[in-house]
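Structure file work_7.cif; described as mmCIF, C-alpha atoms, pLDDT in the B column; chains and numbers go by the auth columns.
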```cif
data_my_file
loop_
_atom_site.group_PDB
_atom_site.id
_atom_site.type_symbol
_atom_site.label_atom_id
_atom_site.label_comp_id
_atom_site.label_asym_id
_atom_site.label_seq_id
_atom_site.Cartn_x
_atom_site.Cartn_y
_atom_site.Cartn_z
_atom_site.B_iso_or_equiv
_atom_site.auth_seq_id
_atom_site.auth_asym_id
ATOM 1 C CA MET A 1 66.992 66.765 180.401 44.00 1409 A
ATOM 2 C CA ALA A 2 67.401 62.983 180.472 46.00 1410 A
ATOM 3 C CA THR A 3 65.273 60.956 178.108 44.00 1411 A
ATOM 4 C CA SER A 4 63.412 57.868 179.205 46.00 1412 A
ATOM 5 C CA ALA A 5 66.175 55.570 177.905 49.00 1413 A
ATOM 6 C CA ASP A 6 69.036 57.512 179.517 72.00 1414 A
ATOM 7 C CA ALA A 7 70.749 56.517 182.695 80.00 1415 A
ATOM 8 C CA ILE A 8 69.711 58.759 185.573 84.00 1416 A
ATOM 9 C CA PRO A 9 72.802 59.978 187.422 88.00 1417 A
ATOM 10 C CA VAL A 10 72.698 59.376 191.159 89.00 1418 A
ATOM 11 C CA ARG A 11 75.335 61.455 192.915 88.00 1419 A
ATOM 12 C CA ARG A 12 76.294 61.646 196.530 87.00 1420 A
ATOM 13 C CA ALA A 13 77.457 65.160 197.391 84.00 1421 A
ATOM 14 C CA GLU A 14 81.172 65.407 198.191 81.00 1422 A
ATOM 15 C CA ALA A 15 80.378 66.341 201.769 80.00 1423 A
ATOM 16 C CA ALA A 16 77.934 63.407 202.154 78.00 1424 A
ATOM 17 C CA GLU A 17 80.204 60.896 203.850 80.00 1425 A
ATOM 18 C CA SER A 18 77.747 59.040 206.077 82.00 1426 A
ATOM 19 C CA GLY A 19 77.236 55.327 205.621 83.00 1427 A
ATOM 20 C CA PHE A 20 73.513 55.993 205.301 83.00 1428 A
ATOM 21 C CA ALA A 21 74.080 58.317 202.311 86.00 1429 A
ATOM 22 C CA MET A 22 76.303 55.662 200.710 86.00 1430 A
ATOM 23 C CA ILE A 23 73.675 52.936 201.192 83.00 1431 A
ATOM 24 C CA VAL A 24 70.919 55.100 199.694 85.00 1432 A
ATOM 25 C CA GLU A 25 73.135 56.053 196.736 87.00 1433 A
ATOM 26 C CA GLN A 26 74.192 52.480 195.971 85.00 1434 A
ATOM 27 C CA PHE A 27 70.736 50.974 196.267 82.00 1435 A
ATOM 28 C CA LEU A 28 69.000 53.698 194.262 85.00 1436 A
ATOM 29 C CA GLN A 29 71.614 53.557 191.491 86.00 1437 A
ATOM 30 C CA GLN A 30 71.340 49.762 191.278 84.00 1438 A
ATOM 31 C CA SER A 31 67.541 49.913 191.188 84.00 1439 A
ATOM 32 C CA LEU A 32 67.562 52.498 188.378 87.00 1440 A
ATOM 33 C CA ASP A 33 70.273 50.667 186.411 87.00 1441 A
ATOM 34 C CA GLU A 34 68.116 47.528 186.346 84.00 1442 A
ATOM 35 C CA SER A 35 64.818 49.097 185.202 86.00 1443 A
ATOM 36 C CA ALA A 36 64.038 51.351 182.242 90.00 1444 A
ATOM 37 C CA ASP A 37 60.570 51.982 183.723 89.00 1445 A
ATOM 38 C CA LYS A 38 62.083 53.254 186.986 89.00 1446 A
ATOM 39 C CA ARG A 39 64.480 55.493 185.025 90.00 1447 A
ATOM 40 C CA ARG A 40 61.503 57.001 183.142 90.00 1448 A
ATOM 41 C CA ARG A 41 59.658 57.655 186.415 89.00 1449 A
ATOM 42 C CA ALA A 42 62.781 59.064 188.113 90.00 1450 A
ATOM 43 C CA ALA A 43 63.372 61.451 185.185 91.00 1451 A
ATOM 44 C CA LYS A 44 59.942 62.995 185.823 90.00 1452 A
ATOM 45 C CA LEU A 45 60.243 63.406 189.616 91.00 1453 A
ATOM 46 C CA ARG A 46 61.109 66.808 191.062 94.00 1454 A
ATOM 47 C CA GLY A 47 61.469 67.603 194.723 93.00 1455 A
ATOM 48 C CA ARG A 48 63.343 67.034 197.975 94.00 1456 A
ATOM 49 C CA MET A 49 62.733 64.338 200.539 92.00 1457 A
ATOM 50 C CA SER A 50 64.659 63.726 203.741 92.00 1458 A
ATOM 51 C CA MET A 51 65.067 60.348 205.415 91.00 1459 A
ATOM 52 C CA THR A 52 65.966 60.392 209.112 92.00 1460 A
ATOM 53 C CA ALA A 53 67.152 57.354 211.054 91.00 1461 A
ATOM 54 C CA SER A 54 65.738 58.556 214.353 90.00 1462 A
ATOM 55 C CA ASP A 55 67.564 56.011 216.499 90.00 1463 A
ATOM 56 C CA HIS A 56 70.995 57.063 215.146 87.00 1464 A
ATOM 57 C CA ASP A 57 70.269 60.741 214.357 84.00 1465 A
ATOM 58 C CA TYR A 58 71.283 60.342 210.674 87.00 1466 A
ATOM 59 C CA THR A 59 69.490 62.356 208.017 91.00 1467 A
ATOM 60 C CA VAL A 60 69.974 62.315 204.262 91.00 1468 A
ATOM 61 C CA THR A 61 68.130 64.353 201.661 93.00 1469 A
ATOM 62 C CA LEU A 62 67.320 63.050 198.193 92.00 1470 A
ATOM 63 C CA VAL A 63 67.050 65.824 195.611 94.00 1471 A
ATOM 64 C CA PHE A 64 65.249 64.907 192.387 93.00 1472 A
ATOM 65 C CA ALA A 65 66.130 67.459 189.692 92.00 1473 A
ATOM 66 C CA GLU A 66 66.300 67.680 185.920 90.00 1474 A
ATOM 67 C CA ASP A 67 69.981 66.716 185.895 90.00 1475 A
ATOM 68 C CA GLY A 68 69.591 63.638 188.126 91.00 1476 A
ATOM 69 C CA ILE A 69 69.352 62.662 191.773 92.00 1477 A
ATOM 70 C CA SER A 70 71.627 64.084 194.462 92.00 1478 A
ATOM 71 C CA ILE A 71 72.057 62.674 197.952 91.00 1479 A
ATOM 72 C CA LEU A 72 73.090 65.052 200.717 90.00 1480 A
ATOM 73 C CA ASP A 73 73.855 64.504 204.375 88.00 1481 A
ATOM 74 C CA GLY A 74 71.436 66.357 206.630 85.00 1482 A
ATOM 75 C CA GLY A 75 68.024 67.866 206.025 84.00 1483 A
ATOM 76 C CA ALA A 76 68.425 70.285 203.108 81.00 1484 A
ATOM 77 C CA GLU A 77 65.522 72.739 203.138 86.00 1485 A
ATOM 78 C CA PRO A 78 63.112 73.358 201.560 91.00 1486 A
ATOM 79 C CA LEU A 79 61.692 69.842 201.818 92.00 1487 A
ATOM 80 C CA ASP A 80 58.676 68.513 199.957 93.00 1488 A
ATOM 81 C CA ALA A 81 58.493 65.434 202.181 91.00 1489 A
ATOM 82 C CA SER A 82 60.227 63.653 205.026 91.00 1490 A
ATOM 83 C CA ILE A 83 60.327 60.157 206.450 90.00 1491 A
ATOM 84 C CA ALA A 84 61.650 59.394 209.934 92.00 1492 A
ATOM 85 C CA GLY A 85 61.983 56.084 211.703 92.00 1493 A
ATOM 86 C CA PRO A 86 64.443 53.527 213.038 93.00 1494 A
ATOM 87 C CA TYR A 87 67.490 52.861 210.846 90.00 1495 A
ATOM 88 C CA GLN A 88 66.600 49.215 210.181 89.00 1496 A
ATOM 89 C CA THR A 89 63.057 50.127 209.127 88.00 1497 A
ATOM 90 C CA LEU A 90 64.422 52.698 206.658 86.00 1498 A
ATOM 91 C CA VAL A 91 66.904 50.165 205.272 83.00 1499 A
ATOM 92 C CA ASP A 92 64.063 47.651 204.883 84.00 1500 A
ATOM 93 C CA LEU A 93 62.062 50.305 203.006 82.00 1501 A
ATOM 94 C CA ILE A 94 64.845 51.223 200.580 77.00 1502 A
ATOM 95 C CA GLN A 95 65.540 47.546 199.937 76.00 1503 A
ATOM 96 C CA GLY A 96 61.867 46.903 199.245 74.00 1504 A
ATOM 97 C CA ASP A 97 61.553 44.504 202.185 80.00 1505 A
ATOM 98 C CA ASP A 98 58.878 46.617 203.892 81.00 1506 A
ATOM 99 C CA SER A 99 55.941 48.716 202.755 80.00 1507 A
ATOM 100 C CA PRO A 100 55.849 52.417 203.666 78.00 1508 A
ATOM 101 C CA LEU A 101 52.097 52.162 204.203 79.00 1509 A
ATOM 102 C CA LYS A 102 52.448 49.266 206.629 85.00 1510 A
ATOM 103 C CA ALA A 103 55.319 50.994 208.412 85.00 1511 A
ATOM 104 C CA HIS A 104 53.316 54.235 208.672 82.00 1512 A
ATOM 105 C CA LEU A 105 50.133 52.517 209.853 83.00 1513 A
ATOM 106 C CA GLY A 106 52.198 50.497 212.341 87.00 1514 A
ATOM 107 C CA ARG A 107 53.706 53.771 213.603 89.00 1515 A
ATOM 108 C CA ARG A 108 57.240 52.622 212.809 90.00 1516 A
ATOM 109 C CA ILE A 109 57.791 55.661 210.576 89.00 1517 A
ATOM 110 C CA LYS A 110 56.476 59.214 210.443 90.00 1518 A
ATOM 111 C CA VAL A 111 55.766 60.654 207.020 89.00 1519 A
ATOM 112 C CA LYS A 112 55.214 64.337 206.279 89.00 1520 A
ATOM 113 C CA SER A 113 54.430 65.827 202.876 88.00 1521 A
ATOM 114 C CA GLN A 114 53.618 69.241 201.522 88.00 1522 A
ATOM 115 C CA PRO A 115 50.011 69.340 200.252 85.00 1523 A
ATOM 116 C CA ARG A 116 51.184 69.726 196.644 88.00 1524 A
ATOM 117 C CA LYS A 117 53.415 66.641 196.984 87.00 1525 A
ATOM 118 C CA LEU A 118 51.266 64.287 199.091 84.00 1526 A
ATOM 119 C CA LEU A 119 52.332 61.100 197.304 86.00 1527 A
ATOM 120 C CA PHE A 120 55.965 62.097 196.703 86.00 1528 A
ATOM 121 C CA PRO A 121 57.338 59.696 199.390 84.00 1529 A
ATOM 122 C CA LEU A 122 55.403 56.829 197.789 82.00 1530 A
ATOM 123 C CA HIS A 123 56.809 57.675 194.350 84.00 1531 A
ATOM 124 C CA VAL A 124 60.353 57.675 195.757 84.00 1532 A
ATOM 125 C CA HIS A 125 59.765 54.348 197.498 78.00 1533 A
ATOM 126 C CA ASN A 126 58.443 52.819 194.267 78.00 1534 A
ATOM 127 C CA LEU A 127 61.764 53.662 192.601 76.00 1535 A
ATOM 128 C CA MET A 128 63.628 51.706 195.273 74.00 1536 A
ATOM 129 C CA LYS A 129 61.467 48.668 195.967 67.00 1537 A
ATOM 130 C CA LEU A 130 61.734 45.304 194.223 53.00 1538 A
ATOM 131 C CA ASP A 131 59.612 44.804 191.139 56.00 1539 A
ATOM 132 C CA LYS A 132 56.652 42.398 191.493 50.00 1540 A
ATOM 133 C CA GLU A 133 58.332 39.661 189.456 49.00 1541 A
ATOM 134 C CA GLU A 134 61.358 39.798 191.778 46.00 1542 A
ATOM 135 C CA GLN A 135 59.317 39.446 194.963 47.00 1543 A
ATOM 136 C CA PRO A 136 58.606 36.022 196.481 47.00 1544 A
ATOM 137 C CA GLU A 137 55.421 34.276 195.399 48.00 1545 A
ATOM 138 C CA GLU A 138 52.390 34.707 197.644 49.00 1546 A
ATOM 139 C CA PRO A 139 48.901 33.286 197.303 48.00 1547 A
ATOM 140 C CA GLY A 140 47.059 35.285 194.617 47.00 1548 A
ATOM 141 C CA VAL A 141 43.850 36.025 196.533 44.00 1549 A
ATOM 142 C CA PHE A 142 45.691 37.315 199.594 44.00 1550 A
ATOM 143 C CA LEU A 143 47.944 39.462 197.416 48.00 1551 A
ATOM 144 C CA GLY A 144 44.942 41.107 195.737 51.00 1552 A
ATOM 145 C CA VAL A 145 43.200 41.820 199.051 52.00 1553 A
ATOM 146 C CA ARG A 146 46.406 43.133 200.600 51.00 1554 A
ATOM 147 C CA ASP A 147 47.124 45.411 197.637 55.00 1555 A
ATOM 148 C CA ALA A 148 43.545 46.761 197.728 54.00 1556 A
ATOM 149 C CA ALA A 149 43.814 47.408 201.479 52.00 1557 A
ATOM 150 C CA LEU A 150 47.162 49.189 201.064 53.00 1558 A
ATOM 151 C CA ALA A 151 45.780 51.332 198.236 56.00 1559 A
ATOM 152 C CA GLY A 152 42.817 52.287 200.420 55.00 1560 A
ATOM 153 C CA ALA A 153 45.160 53.113 203.278 54.00 1561 A
ATOM 154 C CA ALA A 154 47.205 55.343 200.957 56.00 1562 A
ATOM 155 C CA VAL A 155 44.104 57.355 200.113 57.00 1563 A
ATOM 156 C CA VAL A 156 43.185 57.698 203.805 54.00 1564 A
ATOM 157 C CA ILE A 157 46.741 58.793 204.722 59.00 1565 A
ATOM 158 C CA ALA A 158 46.843 61.310 201.864 57.00 1566 A
ATOM 159 C CA PHE A 159 43.499 62.738 202.957 55.00 1567 A
ATOM 160 C CA ALA A 160 44.630 62.965 206.600 57.00 1568 A
ATOM 161 C CA LEU A 161 47.858 64.705 205.584 57.00 1569 A
ATOM 162 C CA LEU A 162 45.859 67.168 203.489 59.00 1570 A
ATOM 163 C CA LEU A 163 43.531 67.945 206.413 60.00 1571 A
ATOM 164 C CA ASN A 164 46.489 68.468 208.753 58.00 1572 A
ATOM 165 C CA ALA A 165 48.183 70.783 206.251 56.00 1573 A
ATOM 166 C CA THR A 166 45.196 73.117 205.997 51.00 1574 A
#
```

Show the structure stored in the file as structure tokens.
Amino acid sequence: MATSADAIPVRRAEAAESGFAMIVEQFLQQSLDESADKRRRAAKLRGRMSMTASDHDYTVTLVFAEDGISILDGGAEPLDASIAGPYQTLVDLIQGDDSPLKAHLGRRIKVKSQPRKLLFPLHVHNLMKLDKEEQPEEPGVFLGVRDAALAGAAVVIAFALLLNAT
């Protein structure tokens, strides 16, 4: 098992030749290479999440395992979570230019999670997004209110997903 200081291998499966799989691999590897904290969090994640670009019918699956992260073309069952939406929205999410909560509330993406992994998509997104110090400056009061609203929305979404799963 990787320790918190180790690099987390990100591998694209040999058969994963789509441009979408390549983009996800490159961005995730770069994000992990630049942050020891993200490597620690990635080392603890376990599960499978698919990302589907609904307007181009591309799907990739990210597999978080003890030996690293694998990226596969297609939806590799069993899945713990899935995200589907337009290609550009998904690219904005993996680059940290958009919030999954805003995209979900704005109905630009659909998120599904197994009840035991309700926040798994959010954990994956947090590995990919820009760190706070890298993001552009915004007025402090607005940022605090926005963050509180997004956190509240996350709880509401998690609760709704749990109700739908039962």

With the file shown as input, list the residues that the PyMOL selection byres ((chain A and resi 1466) around 9) selects, as a ChimeraX atom specification. /A:1426,1428,1459-1465,1467-1468,1481-1482,1495

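You will find CA of Val1519 in chain A at 27.1 Å from CA of Asp1441 in chain A.
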
Hey, can you check how far CA of Arg1449 in chain A sits from CA of Ala1423 in chain A?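 Between CA of Arg1449 in chain A and CA of Ala1423 in chain A the gap is 27.2 Å.
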
Mind telling me what the PyMOL selection byres ((chain A and resi 1525) around 12) catches here, as a ChimeraX atom specification? /A:1453-1457,1487-1490,1519-1524,1526-1532,1566,1569-1570,1573

Give the answer as one residue: which of A:His1533, A:Thr1497, A:Glu1485, A:Ser1478 has the shortest atom-to-atom distance to Glu1422 in chain A, using only C-alpha atoms? A:Ser1478

I need the residue set behind the PyMOL selection byres ((chain A and resi 1477) around 12) for this file; please write it as a ChimeraX atom specification. /A:1410,1415-1421,1432-1433,1436-1437,1440,1447,1450-1457,1469-1476,1478-1480,1532,1535

Selected residues, C-alpha atoms, written as a JSON list (two decimals), in the coordinates of the input, please.
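Written output follows (again.json):
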```
[["chain", "number", "residue", "atom", "x", "y", "z"],
["A", 1410, "ALA", "CA", 67.40, 62.98, 180.47],
["A", 1415, "ALA", "CA", 70.75, 56.52, 182.70],
["A", 1416, "ILE", "CA", 69.71, 58.76, 185.57],
["A", 1417, "PRO", "CA", 72.80, 59.98, 187.42],
["A", 1418, "VAL", "CA", 72.70, 59.38, 191.16],
["A", 1419, "ARG", "CA", 75.33, 61.46, 192.92],
["A", 1420, "ARG", "CA", 76.29, 61.65, 196.53],
["A", 1421, "ALA", "CA", 77.46, 65.16, 197.39],
["A", 1432, "VAL", "CA", 70.92, 55.10, 199.69],
["A", 1433, "GLU", "CA", 73.14, 56.05, 196.74],
["A", 1436, "LEU", "CA", 69.00, 53.70, 194.26],
["A", 1437, "GLN", "CA", 71.61, 53.56, 191.49],
["A", 1440, "LEU", "CA", 67.56, 52.50, 188.38],
["A", 1447, "ARG", "CA", 64.48, 55.49, 185.02],
["A", 1450, "ALA", "CA", 62.78, 59.06, 188.11],
["A", 1451, "ALA", "CA", 63.37, 61.45, 185.18],
["A", 1452, "LYS", "CA", 59.94, 63.00, 185.82],
["A", 1453, "LEU", "CA", 60.24, 63.41, 189.62],
["A", 1454, "ARG", "CA", 61.11, 66.81, 191.06],
["A", 1455, "GLY", "CA", 61.47, 67.60, 194.72],
["A", 1456, "ARG", "CA", 63.34, 67.03, 197.98],
["A", 1457, "MET", "CA", 62.73, 64.34, 200.54],
["A", 1469, "THR", "CA", 68.13, 64.35, 201.66],
["A", 1470, "LEU", "CA", 67.32, 63.05, 198.19],
["A", 1471, "VAL", "CA", 67.05, 65.82, 195.61],
["A", 1472, "PHE", "CA", 65.25, 64.91, 192.39],
["A", 1473, "ALA", "CA", 66.13, 67.46, 189.69],
["A", 1474, "GLU", "CA", 66.30, 67.68, 185.92],
["A", 1475, "ASP", "CA", 69.98, 66.72, 185.90],
["A", 1476, "GLY", "CA", 69.59, 63.64, 188.13],
["A", 1478, "SER", "CA", 71.63, 64.08, 194.46],
["A", 1479, "ILE", "CA", 72.06, 62.67, 197.95],
["A", 1480, "LEU", "CA", 73.09, 65.05, 200.72],
["A", 1532, "VAL", "CA", 60.35, 57.68, 195.76],
["A", 1535, "LEU", "CA", 61.76, 53.66, 192.60]]
```

In Å, how far is it from CA of Ser1443 in chain A to CA of Ile1517 in chain A?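 The value is 27.1 Å.
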
Compile the contact shell of Asp1506 in chain A as a ChimeraX atom specification: residues with an atom at most 12 Å away, counting only C-alpha atoms, same-chain residues fewer than 5 positions apart removed. /A:1496-1501,1511-1512,1514,1516-1517,1533-1534,1536-1538,1543

Enclosing box along x, y and z for every listed atom of range 1467-1470 of chain A, padded 8 Å each side, centre and size in Å, one decimal, as lines of an AutoDock Vina configuration file:
```
center_x = 68.6
center_y = 63.3
center_z = 203.1
size_x = 18.7
size_y = 18.0
size_z = 25.8
```

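For the choices A:Leu1513, A:Ala1484, A:Gln1503, A:Pro1508, the atom-to-atom distance to Ser1439 in chain A is smallest for A:Gln1503 when using all atoms listed in the file.
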